[in-house]
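The next block holds one structure in the form of structure tokens; read it before the comments.
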Amino acid sequence: MGKYILRRILYGLITLVGISVIIFSIIHLIPGDPIQIMFGRNPNPELIALAKKHYGLDKPVITQYFIWFGKLLKGDLGQSIIRRTPVVELLLPRIGRTISLTLLGIVFSVAIAIPTGIIAAWRHNTWTDFGVSSISLLLISVPEFWIGIVFMIIFSVWLGIFPTSGYIPPFEDFVGWLKILILPALTVASVIAAQTTRMIRANMIEVMSLDYITLMRSAGVRQRRLLLIHAFRNAFIPVLTMIGMQIGMLMGGIVIVERVFTFPGLGALLLKTLEERDYPVLQACIMVYAVAFVVINIIIDLLYSVVNPKIRY
Amino acid sequence: MEDKSRTLLRVNNLTTKFFFSGKELVAVNNVDLRIDRKEIVGLVGESGCGKSMTAFSILRIVPHPGQIVSGEVFFENNDLLKLKGKEIRRVRGNRISLVYQDPLSSLNPSFNIYWQLSEVIRAHKPHLSKKEKYDAIIDVLNKVGIPDPEKKVFQFPHQYSGGMRQRVVIAMAIILGSSLVIADEPTTALDVTTQRELFDLNEILKEELGISFIVISHDLYLIAERCDRIYVMYSGEIVESGSSEDIFNDPLHPYTQGLLRAIPGLAPDIDKLGTIDGEVQDLMNLPVGCFFQNRCELADEECRRNRQVLREVRPNRYARCHKVKT
Amino acid sequence: MIKSIIRNKKLFIGLIMVLIFVCIGIFAEQIMPYDYDETYVGDITEKPSKDFWFGTDILGRDVFSRVIYGTRVSLIASISITGLTLLFGVPVGLLSGYYGGVVDDILQRVVDIFFSFPWVLMGLLVAAIRGPGLTSVIISLTITYFPQIVRITRSSVVSVKEQDFIKAAKLSGENDLIILFKYVFPNSLAPLIVQTTIIMSFAILGEAALSYLGWGVRQPLSSWGMMLQQAASYLWTARHLVYFPGIFIIFAVLSFNFTGDGLRDILDPRYKRIYGR
């Protein structure tokens with residue numbers, strides 16, 4: 001088991017290095033020059049050349065990559081070209097915010113999806129089941145940002161419960177912070193919850209018709225225990241795989257949701273720096289995403305091996 | 001004459017129907033069965049003839065949209081069909097157990113063997129201590145012939161061979177001391193050697209622990225070798241019954257005769273290999289008269305007009321065909 | 001065949017909805033009462049009225065016409081994306097699965113990396129490199145969904161590869177390509193058809209999201225996503241700008257989801273006999 005973990009982490013690190021190369025090259029393919037943008041209306045060639053030298057942009061791309069990677073390993077993410085502040089300062093607070101949003105979103109979706117899926121399977125072919133299936137089908141047919149906008153309309157405009165934008169750190173005002181997070185988190189959760197519910201429901205229905213469940217039933221095990229313990233673990237395994245594949249979608253969704261609610265997180269930063277062509281920040285942003293991506297995948301793989309004994313032995 | 005004290009299970013007029021939008025399908029049609037103590041009884045017929053549904057009806061686990069419509073199932077002084085939910089659950093797995101055909105799919109792949117056996121115990125005797133449970137499990141694994149049970153008990157189904165898995169399923173069936181085990185096509189997915197081993201096991205369990213078996217199968221060869229008595233089913237009805245010796249030496253109902261003709265070398269004086277014409281009877285469109293008429297060479301007006309009745313044509317031999325002379 | 005389609009309600013409704021969607025897209029010009037880009041009421045947004053059924057947007061343009069026109073944009077986007085993914089994905093999947101070997105292994109690793117890559121990121125990057133626009137959207141979303149098609153095709157190839165009738169065909173000297181096409185490919189048809197509906201719905205949603213973020217379709221084209229981006233700041237005053245494009249998106253996506261679900265119901269061997277084994 002330990003060997004498996006090590007192998008997985010090693011593989012993850014190699015992937016990260018590979019991704020860093022890809023990211024670096026892609027970003028430098030983006031046309032547009034931050035220096036030009038910075039100087040805008042006063043293109044003084046000497047100043048421009050000086051600025052380029054200062055930021056190391058005059059060196060060949062490959063060299064730039066190694067310099068950047070070297071600094072990365074030391075923890076120095078460079079300086080924002082547009083804002084002249086260290087990239088780390090820009091990123092750090094936002095990472096925490098985006099992570100809390102993501103976590104809350106995941107918690108919401110799991111908390112909604114698992115019970116709903118199980119109940120729908122239990123009450124298969126009844127109105128409850130039909131209702132659940134219809135609502136989840138509807139939710140996966142709606143764009144996330146639209147759900148977010150509609151939530152805003154309902155809760156902020158009509159009911160006035162939640163604010164539409166702004167941000168308060170949790171230490172200052174915990175309730176206020178929560179209020180700001182809830183709508184975006186629910187938005188993120190809604191699509192993922194719908195998909196997960198559908199899958200859990202379908203899997204549970206299928207597993208409950210399998211031989212080993214009938215056998216246990218004939219041995220006297222009660223229906224509820226059959227559902228929640230005997231069947232669920234088997235039904236859940238493919239769901240875990242699906243969640244792993246959804247990480248990408250989740251991350252994309254975060255970017256969108258942050259824009260809808262003007263939530264000052266990593267996603268919002270990403271969009272802004274993309275417009276500005278602020279290379280260092282952009283690279284760092286995407287690297288953070290990549291690291292998160294790889295780490296989450298590793299965690300899911302490990303979880304998977306715990307739940308599915310066939311992998312372990 | 002029946003010796004009432006030896007009778008373990010008695011099924012009278014059991015009828016189970018499936019209800020689809022507007023239509024009815026009679027899966028089990030007025031079936032009578034008797035199982036004595038220390039007996040291995042075979043229930044034989046083609047796929048879809050109602051044998052599995054009979055077993056499910058006895059245990060009352062008929063799947064939706066099926067329903068037991070009438071009949072009585074006497075077991076240990078109770079009519080199982082009249083028991084309440086809690087009471088019938090006390091019977092299932094505890095007094096009457098089910099063993100399935102495909103050992104691969106009979107065990108939950110995500111849990112180890114120990115856990116699965118302890119679930120059976122937990123369903124009926126939750127008060128047992130951990131040690132008592134462990135002892136009971138190891139003991140039953142020994143009884144079914146699993147080598148080195150202390151180590152193997154914590155492994156997972158995919159680490160067991162097919163034959164061993166079936167032994168585990170049998171262990172699940174007898175761990176609480178069931179007196180009746182219903183084995184539904186227990187050897188279909190296994191090779192011949194393993195099949196023999198498992199049937200030897202059944203014999204041992206019958207003799208040493210006094211357990212009776214109902215073996216459901218379409219494989220007449222197997223049933224011939226291993227059962228004391230046989231019921232032959234067709235289209236939801238019993239068409240013939242008797243001791244296995246009698247049935248194989250002297251099959252009375254045309255269907256039984258057809259089944260035997262199709263197996264080379266089985267019946268003593270038939271040396272032609274024959275087949276039964278036609279397809280399995282469609283249970284949604286049962287004919288008036290004998291159900292077997294469309295495939296029977298001997299079918300006549302009487303067969304086509306009147307439903308055939310199960311008659312005792314010899315002592316302890318029943319057949320559902322008016323052509324059989326007493 | 002037709003009978004089983006009608007019997008399955010989901011599939012039937014889904015197909016009708018798809019038909020409506022396609023028709024609106026094709027005949028958009030005939031349906032639109034006004035020009036989608038023309039200002040009619042000055043710089044004011046008006047609520048729905050007799051003249052302007054869905055109201056007007058902040059630049060005074062008729063929302064109804066814009067929504068209808070958006071249907072065509074979505075149609076173009078989704079068909080292109082689906083077509084391209086199939087065009088490139090199916091052959092790659094077939095070849096990779098059939099010939100196996102090192103190439104297959106490497107290809108699978110590459111596919112794996114792309115598989116869960118956040119599509120939003122992909123969309124943004126492609127748009128940043130090439131500049132935003134419908135073409136960039138099509139390219140990035142095609143890249144995003146390409147791995148899924150490769151996977152599905154490949155797995156159905158692998159499941160059939162070892163079967164006897166393939167070996168027989170090889171032995172009798174049939175050309176590999178013909179074997180692929182005649183025998184192997186039909187096996188993947190069922191899952192591919194279902195997957196096509198999924199891609200179509202994803203393409204519509206993806207294009208909408210990218211346009212909403214501002215990196216999708218560009219002026220003078222207008223898509224539903226773009227309309228929603230403009231609507232986002234007017235939640236207090238002009239909510240009709242939010243509802244109508246949204247409803248159309250939902251309708252279009254639902255049509256494909258219904259169809260896909262219905263197809264899956266038919267094609268899945270879940271019609272186990274309850275009775276008998």
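Labels used: A, B, ... for chains in the order of the structure tokens, numbers from 1 for residues in each chain, and numbers from 1 for ligands as shown.
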Taking only C-alpha atoms into account, produce a table as JSON lines in which each residue of chain C with an atom at most 7 Å from an atom of chain A appears once, together with its shortest atom pair and the distance in Å to one decimal, ordered by chain and rising number.
```
{"residue": "C:Ser116", "atom": "CA", "partner": "A:Gly248", "partner_atom": "CA", "distance": 5.0}
{"residue": "C:Phe117", "atom": "CA", "partner": "A:Gly248", "partner_atom": "CA", "distance": 5.2}
{"residue": "C:Pro118", "atom": "CA", "partner": "A:Gly248", "partner_atom": "CA", "distance": 3.9}
{"residue": "C:Trp119", "atom": "CA", "partner": "A:Gly252", "partner_atom": "CA", "distance": 6.4}
{"residue": "C:Val120", "atom": "CA", "partner": "A:Gly252", "partner_atom": "CA", "distance": 4.8}
{"residue": "C:Leu121", "atom": "CA", "partner": "A:Gly252", "partner_atom": "CA", "distance": 6.6}
{"residue": "C:Ala128", "atom": "CA", "partner": "A:Ile30", "partner_atom": "CA", "distance": 6.0}
{"residue": "C:Ile129", "atom": "CA", "partner": "A:Ile30", "partner_atom": "CA", "distance": 4.3}
{"residue": "C:Leu205", "atom": "CA", "partner": "A:Pro143", "partner_atom": "CA", "distance": 5.7}
{"residue": "C:Leu235", "atom": "CA", "partner": "A:Ile153", "partner_atom": "CA", "distance": 6.5}
{"residue": "C:Trp236", "atom": "CA", "partner": "A:Val157", "partner_atom": "CA", "distance": 6.5}
{"residue": "C:Gly246", "atom": "CA", "partner": "A:Trp146", "partner_atom": "CA", "distance": 6.6}
{"residue": "C:Ile250", "atom": "CA", "partner": "A:Val142", "partner_atom": "CA", "distance": 5.4}
{"residue": "C:Val253", "atom": "CA", "partner": "A:Ser141", "partner_atom": "CA", "distance": 5.3}
{"residue": "C:Leu254", "atom": "CA", "partner": "A:Ser141", "partner_atom": "CA", "distance": 5.5}
```
Dump C-alpha atoms for the selected residues as a short mmCIF file (atom, residue, chain, number, x, y, z; two decimals), in the first residue's frame?
```
data_model
loop_
_atom_site.label_atom_id
_atom_site.label_comp_id
_atom_site.auth_asym_id
_atom_site.auth_seq_id
_atom_site.Cartn_x
_atom_site.Cartn_y
_atom_site.Cartn_z
CA SER C 116 -9.86 15.97 -17.28
CA PHE C 117 -8.27 19.23 -18.32
CA PRO C 118 -10.55 22.06 -17.26
CA TRP C 119 -12.38 23.05 -20.41
CA VAL C 120 -12.77 26.62 -19.30
CA LEU C 121 -9.04 26.96 -19.07
CA ALA C 128 -6.15 34.25 -25.75
CA ILE C 129 -3.75 32.89 -28.34
CA LEU C 205 -23.38 25.04 -22.65
CA LEU C 235 -30.64 42.35 -12.35
CA TRP C 236 -32.58 45.03 -10.59
CA GLY C 246 -31.67 31.23 -20.35
CA ILE C 250 -32.30 25.14 -21.32
CA VAL C 253 -29.76 21.43 -24.00
CA LEU C 254 -32.74 19.54 -22.62
#
```
Using only C-alpha atoms, I'd like a table of the residues in chain B that come within 10 Å of chain A; for each, show the closest atom pair and its distance in Å rounded to one decimal, ordered by chain and ascending number, as JSON lines.
```
{"residue": "B:Phe56", "atom": "CA", "partner": "A:Ser218", "partner_atom": "CA", "distance": 8.8}
{"residue": "B:Leu59", "atom": "CA", "partner": "A:Ser218", "partner_atom": "CA", "distance": 7.1}
{"residue": "B:Arg60", "atom": "CA", "partner": "A:Ser218", "partner_atom": "CA", "distance": 8.7}
{"residue": "B:Ile61", "atom": "CA", "partner": "A:Ser218", "partner_atom": "CA", "distance": 7.1}
{"residue": "B:Pro63", "atom": "CA", "partner": "A:Ser209", "partner_atom": "CA", "distance": 9.5}
{"residue": "B:Lys86", "atom": "CA", "partner": "A:Gly220", "partner_atom": "CA", "distance": 9.6}
{"residue": "B:Ile88", "atom": "CA", "partner": "A:Gly220", "partner_atom": "CA", "distance": 8.5}
{"residue": "B:Arg89", "atom": "CA", "partner": "A:Gly220", "partner_atom": "CA", "distance": 5.1}
{"residue": "B:Arg90", "atom": "CA", "partner": "A:Gly220", "partner_atom": "CA", "distance": 6.7}
{"residue": "B:Val91", "atom": "CA", "partner": "A:Gly220", "partner_atom": "CA", "distance": 7.6}
{"residue": "B:Arg92", "atom": "CA", "partner": "A:Gly220", "partner_atom": "CA", "distance": 5.0}
{"residue": "B:Gly93", "atom": "CA", "partner": "A:Ala219", "partner_atom": "CA", "distance": 3.5}
{"residue": "B:Asn94", "atom": "CA", "partner": "A:Ala219", "partner_atom": "CA", "distance": 6.9}
{"residue": "B:Arg95", "atom": "CA", "partner": "A:Ala219", "partner_atom": "CA", "distance": 9.3}
{"residue": "B:Ile96", "atom": "CA", "partner": "A:Ala219", "partner_atom": "CA", "distance": 8.3}
{"residue": "B:Ser97", "atom": "CA", "partner": "A:Ala219", "partner_atom": "CA", "distance": 6.2}
{"residue": "B:Leu98", "atom": "CA", "partner": "A:Ser218", "partner_atom": "CA", "distance": 6.3}
{"residue": "B:Val99", "atom": "CA", "partner": "A:Leu215", "partner_atom": "CA", "distance": 7.3}
{"residue": "B:Tyr100", "atom": "CA", "partner": "A:Leu215", "partner_atom": "CA", "distance": 7.2}
{"residue": "B:Gln101", "atom": "CA", "partner": "A:Asp211", "partner_atom": "CA", "distance": 9.1}
{"residue": "B:Asp102", "atom": "CA", "partner": "A:Asp211", "partner_atom": "CA", "distance": 8.3}
{"residue": "B:Pro103", "atom": "CA", "partner": "A:Tyr212", "partner_atom": "CA", "distance": 9.1}
{"residue": "B:Leu104", "atom": "CA", "partner": "A:Tyr212", "partner_atom": "CA", "distance": 9.1}
{"residue": "B:Ser105", "atom": "CA", "partner": "A:Asp211", "partner_atom": "CA", "distance": 5.8}
{"residue": "B:Ser106", "atom": "CA", "partner": "A:Tyr212", "partner_atom": "CA", "distance": 4.3}
{"residue": "B:Leu107", "atom": "CA", "partner": "A:Tyr212", "partner_atom": "CA", "distance": 5.1}
{"residue": "B:Asn108", "atom": "CA", "partner": "A:Tyr212", "partner_atom": "CA", "distance": 5.7}
{"residue": "B:Pro109", "atom": "CA", "partner": "A:Asn234", "partner_atom": "CA", "distance": 7.8}
{"residue": "B:Ser110", "atom": "CA", "partner": "A:Pro309", "partner_atom": "CA", "distance": 6.2}
{"residue": "B:Phe111", "atom": "CA", "partner": "A:Pro309", "partner_atom": "CA", "distance": 7.9}
{"residue": "B:Asn112", "atom": "CA", "partner": "A:Pro309", "partner_atom": "CA", "distance": 8.9}
{"residue": "B:Gln116", "atom": "CA", "partner": "A:Met216", "partner_atom": "CA", "distance": 8.7}
{"residue": "B:Leu117", "atom": "CA", "partner": "A:Met216", "partner_atom": "CA", "distance": 9.8}
{"residue": "B:Glu119", "atom": "CA", "partner": "A:Val221", "partner_atom": "CA", "distance": 7.4}
{"residue": "B:Val120", "atom": "CA", "partner": "A:Ala219", "partner_atom": "CA", "distance": 6.2}
{"residue": "B:Ile121", "atom": "CA", "partner": "A:Ala219", "partner_atom": "CA", "distance": 9.2}
{"residue": "B:Arg122", "atom": "CA", "partner": "A:Val221", "partner_atom": "CA", "distance": 8.2}
{"residue": "B:Ala123", "atom": "CA", "partner": "A:Val221", "partner_atom": "CA", "distance": 5.3}
{"residue": "B:His124", "atom": "CA", "partner": "A:Gly220", "partner_atom": "CA", "distance": 7.3}
{"residue": "B:Gln155", "atom": "CA", "partner": "A:Tyr313", "partner_atom": "CA", "distance": 9.1}
{"residue": "B:Phe156", "atom": "CA", "partner": "A:Pro309", "partner_atom": "CA", "distance": 7.5}
{"residue": "B:Pro157", "atom": "CA", "partner": "A:Lys310", "partner_atom": "CA", "distance": 9.4}
{"residue": "B:His158", "atom": "CA", "partner": "A:Lys310", "partner_atom": "CA", "distance": 7.3}
{"residue": "B:Gln159", "atom": "CA", "partner": "A:Tyr313", "partner_atom": "CA", "distance": 8.4}
{"residue": "B:Val169", "atom": "CA", "partner": "A:Leu215", "partner_atom": "CA", "distance": 8.9}
{"residue": "B:Met172", "atom": "CA", "partner": "A:Ala219", "partner_atom": "CA", "distance": 7.9}
{"residue": "B:Ala173", "atom": "CA", "partner": "A:Ala219", "partner_atom": "CA", "distance": 7.4}
{"residue": "B:Leu176", "atom": "CA", "partner": "A:Ala219", "partner_atom": "CA", "distance": 9.8}
```
At most 9 Å to chain C: residues in chain B, only C-alpha atoms, as a PyMOL selection string: chain B and resi 18+27+47-53+63-65
Nearby residues (only C-alpha atoms) at most 6 Å from stretch 132-134 of chain C, same-chain spacing under 5 positions excluded, as a PyMOL selection string: chain C and resi 127+215-218
Spatial neighbours of stretch 54-62 of chain C, max dist 8 Å, only C-alpha atoms, sep filter under 3 positions, as a PyMOL selection string: chain C and resi 34-49+65-66+240-241+244
Put those residues in a file: C-alpha atoms, as a short mmCIF file (atom, residue, chain, number, x, y, z; two decimals), in the first residue's frame.
```
data_model
loop_
_atom_site.label_atom_id
_atom_site.label_comp_id
_atom_site.auth_asym_id
_atom_site.auth_seq_id
_atom_site.Cartn_x
_atom_site.Cartn_y
_atom_site.Cartn_z
CA TYR C 34 -36.47 42.63 -36.69
CA ASP C 35 -32.81 42.76 -37.40
CA TYR C 36 -30.89 41.38 -34.47
CA ASP C 37 -28.26 44.06 -34.49
CA GLU C 38 -30.30 47.10 -35.21
CA THR C 39 -31.14 49.62 -32.55
CA TYR C 40 -34.82 50.42 -32.44
CA VAL C 41 -35.56 52.34 -29.33
CA GLY C 42 -32.46 54.29 -28.57
CA ASP C 43 -30.24 53.33 -25.68
CA ILE C 44 -33.00 52.20 -23.42
CA THR C 45 -34.05 48.79 -22.37
CA GLU C 46 -37.75 48.11 -22.45
CA LYS C 47 -39.84 45.41 -20.94
CA PRO C 48 -41.67 42.94 -23.16
CA SER C 49 -44.49 44.58 -25.12
CA SER C 65 -34.77 38.53 -32.70
CA ARG C 66 -31.46 38.29 -30.89
CA HIS C 240 -36.29 39.87 -18.77
CA LEU C 241 -32.85 40.06 -20.32
CA PHE C 244 -35.31 34.58 -22.20
#
```
Shell around C:Phe251 at 9 Å using only C-alpha atoms, local window under 6 positions removed, as a ChimeraX atom specification: /A:141 /C:17-18,21
